[in-house]
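Source file: coords-v1.cif (mmCIF, C-alpha atoms)
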data_target
#
loop_
_atom_site.label_atom_id
_atom_site.label_comp_id
_atom_site.auth_asym_id
_atom_site.auth_seq_id
_atom_site.Cartn_x
_atom_site.Cartn_y
_atom_site.Cartn_z
CA MET W 7 -14.68 -25.30 7.18
CA PHE W 8 -12.10 -27.12 5.06
CA ARG W 9 -10.12 -30.11 6.29
CA TYR W 10 -6.51 -30.36 5.12
CA ALA W 11 -4.87 -33.73 4.74
CA CYS W 12 -1.47 -32.23 4.06
CA VAL W 13 0.35 -29.06 3.09
CA THR W 14 3.59 -29.63 1.20
CA LEU W 15 6.37 -27.10 0.68
CA LEU W 16 9.22 -27.95 -1.66
CA LEU W 17 12.04 -25.44 -1.93
CA LEU W 18 14.45 -26.03 -4.76
CA LEU W 19 17.44 -23.79 -4.20
CA ALA W 20 20.63 -24.08 -6.24
CA ALA W 21 24.04 -23.20 -4.84
CA GLY W 22 24.74 -19.50 -4.79
CA VAL W 23 24.48 -16.61 -2.40
CA ARG W 24 21.08 -14.89 -2.16
CA GLN W 25 19.94 -16.04 -5.58
CA SER W 26 16.62 -17.86 -5.85
CA SER W 27 16.43 -20.90 -8.14
CA GLY W 28 12.78 -21.69 -7.55
CA THR W 29 10.17 -22.25 -4.86
CA GLU W 30 7.41 -24.81 -5.39
CA VAL W 31 4.41 -24.94 -3.07
CA LYS W 32 1.57 -27.45 -3.15
CA VAL W 33 -1.48 -27.08 -0.90
CA GLU W 34 -3.73 -30.11 -0.68
CA GLU W 35 -7.23 -30.61 0.66
CA ASP W 36 -8.44 -34.16 1.31
CA LYS W 37 -5.35 -35.46 -0.52
CA LYS W 38 -6.23 -33.41 -3.61
CA LEU W 39 -4.21 -30.49 -4.93
CA CYS W 40 -6.16 -27.23 -4.51
CA LEU W 41 -3.47 -24.51 -4.73
CA TYR W 42 -0.13 -24.47 -6.56
CA ALA W 43 2.77 -22.05 -6.97
CA ASN W 44 6.21 -22.31 -8.53
CA LEU W 45 8.21 -19.12 -8.80
CA MET W 46 11.50 -17.34 -8.32
CA LEU W 47 11.45 -14.46 -5.87
CA ASN W 48 14.07 -12.13 -4.40
CA PHE W 49 13.56 -9.43 -1.78
CA SER W 50 15.48 -6.16 -1.46
CA VAL W 51 14.88 -4.29 1.82
CA THR W 52 16.26 -0.92 2.95
CA TYR W 53 16.42 -0.39 6.71
CA GLU W 54 17.99 1.98 9.22
CA VAL W 55 21.28 1.25 10.99
CA ALA W 56 23.27 3.15 13.62
CA GLY W 57 23.89 6.83 12.91
CA LYS W 58 20.55 7.14 11.11
CA LYS W 59 22.09 5.69 7.97
CA ASN W 60 20.39 3.28 5.59
CA ALA W 61 21.52 -0.18 4.57
CA THR W 62 20.03 -2.41 1.86
CA VAL W 63 20.04 -6.20 1.91
CA THR W 64 18.91 -8.65 -0.76
CA PHE W 65 17.75 -12.15 0.17
CA THR W 66 15.45 -14.95 -0.90
CA LEU W 67 13.40 -17.74 0.64
CA PRO W 68 15.58 -20.15 2.67
CA GLU W 69 15.53 -23.92 2.36
CA THR W 70 13.20 -24.37 5.34
CA GLY W 71 9.75 -22.91 5.70
CA THR W 72 6.18 -23.73 6.69
CA THR W 73 2.83 -23.14 5.03
CA ASN W 74 0.56 -23.79 7.99
CA GLY W 75 -1.43 -20.61 7.32
CA SER W 76 -2.30 -21.59 3.74
CA ARG W 77 -5.93 -22.42 2.99
CA CYS W 78 -8.27 -23.16 0.09
CA GLY W 79 -11.77 -21.71 -0.01
CA ASN W 80 -14.69 -21.37 -2.36
CA ASP W 81 -14.25 -17.65 -3.04
CA SER W 82 -10.80 -16.84 -1.62
CA SER W 83 -7.61 -18.81 -1.03
CA LEU W 84 -4.40 -17.93 0.78
CA LEU W 85 -0.87 -19.10 0.06
CA LYS W 86 1.32 -18.24 3.06
CA ILE W 87 4.96 -19.17 3.66
CA ASP W 88 6.64 -18.56 7.03
CA PHE W 89 10.43 -18.57 6.95
CA GLY W 90 13.49 -17.53 8.91
CA LYS W 91 13.12 -15.63 12.17
CA GLY W 92 9.65 -14.13 11.99
CA HIS W 93 9.32 -13.53 8.24
CA SER W 94 6.38 -14.49 6.02
CA TRP W 95 5.15 -13.98 2.48
CA ALA W 96 1.58 -14.50 1.29
CA LEU W 97 -0.65 -14.31 -1.79
CA ASN W 98 -4.39 -13.80 -1.43
CA PHE W 99 -6.47 -15.16 -4.34
CA THR W 100 -10.09 -14.27 -5.10
CA ARG W 101 -12.45 -15.54 -7.79
CA ASP W 102 -15.74 -14.87 -9.51
CA ASN W 103 -17.81 -17.18 -11.70
CA GLN W 104 -15.29 -17.28 -14.54
CA THR W 105 -11.87 -16.01 -13.42
CA TYR W 106 -9.46 -15.74 -10.49
CA LYS W 107 -6.60 -13.39 -9.66
CA VAL W 108 -4.13 -12.33 -6.97
CA ASP W 109 -5.89 -9.68 -4.91
CA TYR W 110 -2.91 -8.55 -2.84
CA ILE W 111 0.51 -9.66 -1.62
CA TRP W 112 1.79 -9.49 1.96
CA PHE W 113 5.41 -9.49 3.01
CA THR W 114 6.23 -9.36 6.72
CA TYR W 115 9.83 -9.07 7.93
CA ASP W 116 11.27 -8.88 11.43
CA LEU W 117 14.14 -6.43 11.89
CA LYS W 118 15.29 -8.35 14.99
CA ASP W 119 16.68 -11.04 12.68
CA ASP W 120 20.35 -10.05 12.78
CA THR W 121 21.30 -12.82 10.34
CA ILE W 122 19.68 -10.70 7.60
CA PHE W 123 19.28 -7.18 9.01
CA LYS W 124 22.73 -6.67 10.47
CA ASN W 125 23.16 -3.71 12.86
CA SER W 126 19.52 -2.70 12.52
CA SER W 127 18.61 0.19 14.82
CA SER W 128 15.01 -1.08 15.07
CA ASN W 129 13.48 -4.27 16.43
CA ASP W 130 10.11 -3.71 14.77
CA THR W 131 8.17 -6.16 12.64
CA LYS W 132 7.23 -4.51 9.33
CA THR W 133 4.49 -5.47 6.90
CA VAL W 134 4.27 -4.37 3.27
CA THR W 135 1.05 -4.91 1.32
CA VAL W 136 0.73 -4.33 -2.43
CA GLY W 137 -2.01 -5.06 -4.91
CA GLY W 138 -1.53 -7.98 -7.26
CA ARG W 139 -0.75 -7.15 -10.87
CA MET W 140 -1.65 -10.57 -12.27
CA ARG W 141 -4.26 -10.34 -14.99
CA ALA W 142 -7.54 -12.18 -14.44
CA VAL W 143 -7.06 -15.87 -15.25
CA ASP W 144 -9.76 -18.22 -16.49
CA LEU W 145 -10.78 -20.81 -13.93
CA ASN W 146 -9.03 -24.15 -14.55
CA ASN W 147 -6.14 -22.31 -16.25
CA ILE W 148 -2.61 -21.99 -14.90
CA TYR W 149 -0.98 -18.56 -14.97
CA THR W 150 2.61 -18.36 -16.26
CA CYS W 151 5.09 -15.50 -16.55
CA LYS W 152 8.79 -15.94 -17.34
CA SER W 153 9.52 -12.21 -17.51
CA HIS W 154 10.91 -10.30 -14.54
CA GLU W 155 8.43 -8.16 -12.66
CA THR W 156 9.28 -5.79 -9.80
CA LEU W 157 6.87 -4.64 -7.11
CA ASP W 158 8.34 -1.50 -5.57
CA SER W 159 6.81 -0.25 -2.32
CA GLY W 160 9.45 2.23 -1.24
CA LEU W 161 11.77 0.49 1.21
CA VAL W 162 10.97 -2.99 -0.16
CA GLN W 163 11.32 -4.40 -3.65
CA GLN W 164 10.06 -7.84 -4.66
CA VAL W 165 11.34 -9.29 -7.92
CA PHE W 166 9.48 -12.25 -9.50
CA TRP W 167 10.23 -14.36 -12.54
CA ASN W 168 9.53 -17.88 -13.88
CA VAL W 169 6.14 -17.73 -12.18
CA SER W 170 3.50 -20.49 -12.41
CA LEU W 171 0.33 -20.16 -10.30
CA GLN W 172 -3.00 -21.92 -10.14
CA ALA W 173 -5.68 -21.44 -7.51
CA PHE W 174 -9.12 -23.03 -7.07
CA ILE W 175 -7.99 -26.31 -8.64
CA SER W 176 -11.19 -28.35 -8.93
CA ASN W 177 -10.02 -31.80 -10.01
CA GLY W 178 -6.79 -32.10 -8.04
CA THR W 179 -4.51 -31.83 -11.09
CA LEU W 180 -2.76 -28.88 -12.71
CA SER W 181 -4.32 -27.54 -15.89
CA LYS W 182 -2.62 -27.96 -19.25
CA ASN W 183 -4.19 -24.70 -20.42
CA ALA W 184 -2.13 -21.62 -19.61
CA THR W 185 -2.87 -17.91 -19.37
CA ILE W 186 0.37 -16.14 -20.30
CA CYS W 187 1.30 -12.77 -18.83
CA HIS W 188 1.31 -9.74 -21.11
CA ASP W 189 5.12 -9.33 -21.07
CA ASP W 190 5.65 -12.89 -22.35
CA GLN W 191 3.34 -12.53 -25.32
CA PRO W 192 5.05 -11.97 -28.69
CA THR W 193 4.85 -8.49 -30.12
CA PRO W 194 2.83 -8.65 -33.35
CA THR W 195 4.41 -7.29 -36.53
CA PRO W 196 2.57 -4.09 -37.40
CA PRO W 197 0.85 -4.20 -40.79
CA SER W 198 1.67 -1.76 -43.54
CA THR W 199 -0.38 1.35 -42.93
CA THR W 200 -1.05 4.70 -44.52
CA THR W 201 -0.40 7.68 -42.31
CA ILE W 202 -3.47 9.85 -41.87
CA THR W 203 -3.14 13.22 -40.22
CA PRO W 204 -5.91 13.49 -37.64
CA LYS W 205 -8.00 16.59 -37.35
CA PRO W 206 -7.15 18.76 -34.37
CA THR W 207 -9.38 18.11 -31.41
CA THR W 208 -10.10 20.04 -28.28
CA THR W 209 -9.26 18.17 -25.08
CA PRO W 210 -12.23 18.37 -22.75
CA LYS W 211 -11.58 19.77 -19.31
CA PRO W 212 -12.01 17.20 -16.54
CA THR W 213 -15.24 17.52 -14.58
CA PRO W 214 -14.65 18.08 -10.86
CA LEU W 215 -15.63 15.06 -8.81
CA PRO W 216 -18.29 15.29 -6.13
CA GLN W 217 -17.28 14.66 -2.53
CA PRO W 218 -16.87 10.89 -2.05
CA THR W 219 -19.23 8.88 0.13
CA THR W 220 -17.87 8.13 3.59
CA GLY W 221 -17.35 4.43 4.26
CA THR W 222 -16.65 2.45 7.42
CA TYR W 223 -13.94 -0.22 7.30
CA LYS W 224 -12.99 -2.62 10.06
CA LEU W 225 -10.72 -5.60 10.64
CA LYS W 226 -11.18 -8.45 13.09
CA PRO W 227 -8.50 -10.81 14.45
CA ASN W 228 -8.19 -13.86 12.20
CA ASP W 229 -11.14 -12.48 10.20
CA THR W 230 -13.67 -14.15 12.53
CA SER W 231 -17.23 -12.83 12.54
CA ASN W 232 -17.80 -13.31 16.26
CA SER W 233 -14.83 -11.25 17.47
CA THR W 234 -14.61 -7.52 18.08
CA ALA W 235 -12.85 -5.18 15.67
CA CYS W 236 -9.11 -4.59 16.05
CA LEU W 237 -8.93 -1.73 13.51
CA LEU W 238 -11.52 0.91 12.62
CA VAL W 239 -11.42 3.54 9.87
CA THR W 240 -14.15 5.79 8.50
CA VAL W 241 -13.24 7.95 5.52
CA GLY W 242 -14.42 9.42 2.26
CA LEU W 243 -11.56 8.76 -0.15
CA GLN W 244 -10.61 10.29 -3.49
CA LEU W 245 -7.60 9.34 -5.65
CA HIS W 246 -5.63 11.57 -8.03
CA TYR W 247 -2.80 10.07 -10.08
CA THR W 248 -0.86 10.64 -13.28
CA ASP W 249 -0.59 7.53 -15.45
CA GLY W 250 1.79 8.38 -18.26
CA LYS W 251 0.39 11.59 -19.74
CA GLU W 252 -3.11 11.02 -18.41
CA PHE W 253 -4.33 12.61 -15.18
CA VAL W 254 -6.98 10.49 -13.46
CA SER W 255 -9.29 11.30 -10.57
CA GLU W 256 -11.76 8.87 -9.06
CA ASN W 257 -13.77 8.38 -5.90
CA ILE W 258 -13.61 5.18 -3.87
CA ASP W 259 -17.16 3.83 -3.54
CA PRO W 260 -17.60 2.14 -0.14
CA ASN W 261 -20.60 0.19 -1.47
CA ILE W 262 -18.33 -1.90 -3.71
CA THR W 263 -15.19 -1.79 -1.55
CA THR W 264 -13.97 -4.72 0.52
CA SER W 265 -11.49 -4.46 3.38
CA GLY W 266 -8.71 -6.82 4.41
CA GLY W 267 -5.27 -6.73 5.97
CA ASN W 268 -3.95 -7.64 9.38
CA CYS W 269 -4.29 -6.37 12.95
CA GLY W 270 -1.47 -4.71 14.82
CA ILE W 271 -0.95 -7.24 17.60
CA ASN W 272 2.16 -7.93 19.71
CA GLY W 273 4.16 -5.07 18.23
CA SER W 274 3.40 -5.77 14.56
CA ASP W 275 2.22 -3.13 12.11
CA ALA W 276 -1.48 -2.73 11.37
CA VAL W 277 -2.36 -2.90 7.67
CA LEU W 278 -5.68 -1.96 6.07
CA VAL W 279 -6.18 -3.04 2.45
CA LEU W 280 -9.11 -1.59 0.50
CA LYS W 281 -10.14 -3.26 -2.74
CA CYS W 282 -12.56 -1.34 -4.98
CA ASP W 283 -13.10 -2.77 -8.45
CA HIS W 284 -9.75 -2.21 -10.21
CA VAL W 285 -8.12 -0.23 -7.37
CA THR W 286 -6.18 -1.63 -4.40
CA ILE W 287 -5.02 0.67 -1.61
CA SER W 288 -3.03 -0.35 1.45
CA PHE W 289 -2.44 1.78 4.55
CA THR W 290 0.27 0.69 7.01
CA PHE W 291 0.14 2.05 10.57
CA VAL W 292 3.01 1.69 13.02
CA GLU W 293 3.25 2.11 16.78
CA ASN W 294 6.19 3.90 18.37
CA LYS W 295 6.58 5.24 21.93
CA GLN W 296 2.85 5.02 22.69
CA LYS W 297 2.03 6.92 19.50
CA PHE W 298 0.67 5.58 16.22
CA PHE W 299 0.89 7.12 12.76
CA LEU W 300 0.39 6.32 9.10
CA HIS W 301 3.76 5.08 7.85
CA ALA W 302 3.13 3.75 4.32
CA VAL W 303 0.60 3.97 1.50
CA ASN W 304 0.61 1.85 -1.66
CA VAL W 305 -1.85 2.10 -4.57
CA SER W 306 -2.29 -0.24 -7.53
CA VAL W 307 -4.74 0.43 -10.37
CA VAL W 308 -5.29 -2.28 -12.98
CA ASN W 309 -6.71 -1.23 -16.35
CA GLY W 310 -6.72 -4.20 -18.70
CA ASN W 311 -3.13 -5.28 -19.27
CA HIS W 312 -1.74 -2.06 -17.79
CA THR W 313 -1.08 -1.45 -14.09
CA PHE W 314 -0.34 1.84 -12.36
CA HIS W 315 1.52 1.53 -9.07
CA SER W 316 2.91 4.10 -6.68
CA GLY W 317 3.57 4.34 -2.96
CA ASN W 318 5.54 5.83 -0.12
CA ALA W 319 6.94 3.92 2.87
CA ASN W 320 8.44 6.88 4.71
CA MET W 321 5.44 8.84 5.95
CA SER W 322 4.49 10.22 9.38
CA LEU W 323 0.85 11.30 9.23
CA TRP W 324 -2.35 10.98 11.29
CA GLU W 325 -0.47 10.76 14.58
CA ALA W 326 -2.31 10.14 17.86
CA ALA W 327 -1.77 8.38 21.16
CA VAL W 328 -2.25 4.61 21.21
CA GLY W 329 -5.64 3.92 22.74
CA SER W 330 -7.19 7.00 21.14
CA SER W 331 -8.32 7.73 17.59
CA TYR W 332 -7.25 10.30 14.99
CA MET W 333 -9.95 12.54 13.49
CA CYS W 334 -9.96 15.06 10.66
CA ASN W 335 -13.38 15.99 9.29
CA LYS W 336 -12.10 18.73 7.00
CA GLN W 337 -10.78 17.99 3.52
CA GLN W 338 -7.17 16.82 3.76
CA THR W 339 -4.84 16.27 0.78
CA VAL W 340 -1.92 13.84 1.08
CA ASN W 341 0.83 13.88 -1.57
CA VAL W 342 2.17 10.33 -1.67
CA SER W 343 4.57 10.71 -4.61
CA ASP W 344 5.13 12.84 -7.71
CA SER W 345 2.42 10.84 -9.50
CA LEU W 346 -0.05 10.08 -6.69
CA ALA W 347 -2.13 11.98 -4.15
CA PHE W 348 -5.31 11.22 -2.25
CA VAL W 349 -7.89 13.37 -0.51
CA THR W 350 -9.75 12.40 2.67
CA TYR W 351 -13.07 13.63 4.03
CA ASP W 352 -14.61 12.89 7.45
CA LEU W 353 -11.57 10.83 8.43
CA ARG W 354 -11.37 8.91 11.68
CA ALA W 355 -8.83 6.13 12.27
CA GLN W 356 -7.89 3.85 15.14
CA PRO W 357 -5.49 1.06 14.12
CA PHE W 358 -4.64 -0.16 17.65
CA GLU W 359 -6.44 -1.04 20.89
CA VAL W 360 -10.01 -0.81 19.63
CA LYS W 361 -12.52 -1.71 22.37
CA ASN W 362 -16.20 -2.65 22.06
CA ASN W 363 -16.18 -2.07 18.29
CA SER W 364 -16.10 1.69 18.88
CA PHE W 365 -13.68 4.55 18.41
CA ALA W 366 -11.94 5.89 21.49
CA THR W 367 -11.64 9.59 22.29
CA ALA W 368 -10.39 11.45 19.22
CA GLU W 369 -7.35 13.64 18.80
CA GLU W 370 -8.34 16.26 16.24
CA CYS W 371 -6.22 17.43 13.35
CA PHE W 372 -5.24 21.11 13.23
CA LEU W 373 -7.77 21.83 10.48
CA ASP W 374 -10.59 20.76 12.82
CA SER W 375 -9.25 22.58 15.87
CA ASP W 376 -10.64 25.84 17.22
CA PHE W 377 -7.30 27.52 16.58
CA SER W 378 -7.19 27.04 12.82
CA PHE W 379 -9.01 30.35 12.27
CA LEU W 380 -6.14 32.16 14.01
CA VAL W 381 -3.75 31.45 11.13
CA PRO W 382 -5.06 34.14 8.72
CA ILE W 383 -5.39 36.55 11.66
CA ALA W 384 -1.77 35.92 12.67
CA VAL W 385 -0.63 36.44 9.09
CA GLY W 386 -2.56 39.70 8.90
CA VAL W 387 -1.10 40.96 12.18
CA ALA W 388 2.43 40.04 11.07
CA LEU W 389 1.98 41.90 7.76
CA SER W 390 0.58 44.97 9.56
CA PHE W 391 3.52 44.97 11.97
CA LEU W 392 5.93 44.71 9.03
CA ILE W 393 4.31 47.68 7.29
CA ILE W 394 4.50 49.79 10.47
CA LEU W 395 8.14 48.82 10.95
CA VAL W 396 9.01 49.84 7.39
CA LEU W 397 7.16 53.15 7.83
CA ILE W 398 8.99 53.95 11.09
CA SER W 399 12.34 53.14 9.48
CA TYR W 400 11.50 55.45 6.58
CA LEU W 401 10.57 58.33 8.89
CA ILE W 402 13.74 57.93 10.98
CA GLY W 403 15.87 57.88 7.84
CA ARG W 404 14.12 60.96 6.50
CA ARG W 405 14.67 62.85 9.77
CA LYS W 406 18.41 62.05 9.81
CA SER W 407 18.67 63.27 6.24
CA ARG W 408 17.15 66.65 7.14
CA THR W 409 19.45 67.01 10.16
CA GLY W 410 22.46 66.50 7.93
CA TYR W 411 21.42 69.31 5.58
CA GLN W 412 20.96 71.78 8.46
CA SER W 413 24.47 71.20 9.80
CA VAL W 414 25.98 72.04 6.45
#
Is it possible to give me this structure as structure tokens?
Amino acid sequence: MFRYACVTLLLLLAAGVRQSSGTEVKVEEDKKLCLYANLMLNFSVTYEVAGKKNATVTFTLPETGTTNGSRCGNDSSLLKIDFGKGHSWALNFTRDNQTYKVDYIWFTYDLKDDTIFKNSSSNDTKTVTVGGRMRAVDLNNIYTCKSHETLDSGLVQQVFWNVSLQAFISNGTLSKNATICHDDQPTPTPPSTTTITPKPTTTPKPTPLPQPTTGTYKLKPNDTSNSTACLLVTVGLQLHYTDGKEFVSENIDPNITTSGGNCGINGSDAVLVLKCDHVTISFTFVENKQKFFLHAVNVSVVNGNHTFHSGNANMSLWEAAVGSSYMCNKQQTVNVSDSLAFVTYDLRAQPFEVKNNSFATAEECFLDSDFSFLVPIAVGVALSFLIILVLISYLIGRRKSRTGYQSV
């Protein structure tokens, strides 16, 4: 357990409406600096108002805030800023023997705050989780990025620029060595080259993936080992996405996947974040009128200096009663966006009111139900009825035609 002598938050905001001029955060342990951030950040949030219309508001961190939830650890550190009426923003850092990076970013906002979300038709607290796009940074280096970067998760956009970050500070002082983001690096002048026409090649057909291994993922309140789970999910998960002109399919291996997020307590959303090598997936569940459902999915895939990101924050899937679980053992394909889909196998999810570390009674999806076999039968019956109807109409028409000839 780490003892904190002080946590200091310095907000430097210039005059101007909703325009960030810089936020500097220093987290200290035993009077030594262990975590540092200085950045500019604006939020843009779309929410529902009366008449089922949408409104969009842009705002930034206010002059007052607290960082009581921030912590420094050996393998993971958390920078968390609480501000306004129930809002918070957090960065989760992880490290290995040589580098560190931002694993994922949380943004929680409370729609009851009428100073920001005017005329909101909802009083819910929403949480958006996205994977960090920061490249791996050498330990004892500070990360800098002056360029603008936007994280788009559907209803929420986060815009960063003039970013300086350093986690796992060992000697209490900021490093003079910097790791610069890809967008800030100068574009090299291409050398003079001779154009060579390549020989035509045959593009190999992608090999179908085997069914993914089913993994079990759970969250506990405050991430304590001695408490019972507050969220349970078992699933075999497969991703399909189009990155530029390349179509990519990959299975999520539960043996190398870690789970994080936050529990849905006191009306807040439940968020499950899965981190598997270079892939980060977040699932956001909401509770409404004693029902829960999957509301948002965000996926980030980091390949070197390139990051693929896509998501959808307007979904209504996997619905079941609060206090029960949702189950779908059959293969289920979910189209998240034009460039992203995922497939589930042996799915079971309970994001709220988990008791005794076990799933409650399951509500089955239609594919698993005993009635799913009736669909092709019903289609066949409908087609047969249509054929008979057409035949009867033909015979009646033919009979009338003959009657007409006889009268003449």
Hey, which bits of stretch 319-377 of chain W sit within 7 Å of stretch 238-249 of chain W, and for each residue what's the closest pair of atoms and how far apart in Å (one decimal), counting only C-alpha atoms, rows by chain and increasing number, as CSV?
residue,atom,partner,partner_atom,distance
W:Ser345,CA,W:Thr248,CA,5.0
W:Leu346,CA,W:Tyr247,CA,4.4
W:Ala347,CA,W:His246,CA,5.2
W:Phe348,CA,W:Leu245,CA,4.5
W:Val349,CA,W:Gln244,CA,5.1
W:Thr350,CA,W:Leu243,CA,4.9
W:Tyr351,CA,W:Gly242,CA,4.8
W:Asp352,CA,W:Val241,CA,5.5
W:Leu353,CA,W:Val241,CA,4.4
W:Arg354,CA,W:Thr240,CA,5.3
W:Ala355,CA,W:Val239,CA,4.4
W:Gln356,CA,W:Leu238,CA,5.3
W:Pro357,CA,W:Leu238,CA,6.2
Hey, what's within 9 Å of W:Lys118 if we count only C-alpha atoms and toss same-chain stuff fewer than 6 positions away? As a count of residues only, please? 8
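Comparing W:Asn311, W:His93, W:Asn168, W:Ile111 by their smallest distance to W:Thr29, the closest is W:Asn168 (using only C-alpha atoms).
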W:Ala327, W:Ala61, W:Leu97, W:Val360: which is nearest W:Pro227, counting only C-alpha atoms? W:Val360
Return the single residue from W:Asn146, W:Thr64, W:Gln104, W:Ser94 that is closest to W:Asn48, with distances computed using all atoms listed in the file. W:Thr64
Evaluate the PyMOL selection byres ((chain W and resi 297-309) around 6) here and jot the selected residues down as a ChimeraX atom specification. /W:137,284-296,310,312-328
Nearest to W:Lys224, chosen from W:Asp158, W:Thr114, W:Ile148, W:Asn363, with only C-alpha atoms counted in the distances: W:Asn363
If you count only C-alpha atoms, which residues fall within 7 Å of W:Leu84, apart from same-chain ones fewer than 3 positions away, as a PyMOL selection string? chain W and resi 76-78+96-99
Nearest-residue call for W:Gln163, choices W:Phe113, W:Cys269, W:Thr73, W:Phe253, using all atoms listed in the file: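 Closest candidate: W:Phe113.
The spacing separating atom CA of W:Cys334 from atom CA of W:Glu370 amounts to 5.9 Å.
Distances from W:Asn177, W:Ser233, W:Ser50, W:Thr263 to W:Leu280 were compared using all atoms listed in the file, and the smallest one belongs to W:Thr263.
The gap separating atom CA of W:Asp344 from atom CA of W:Thr219 is 25.9 Å, in Å to one decimal.
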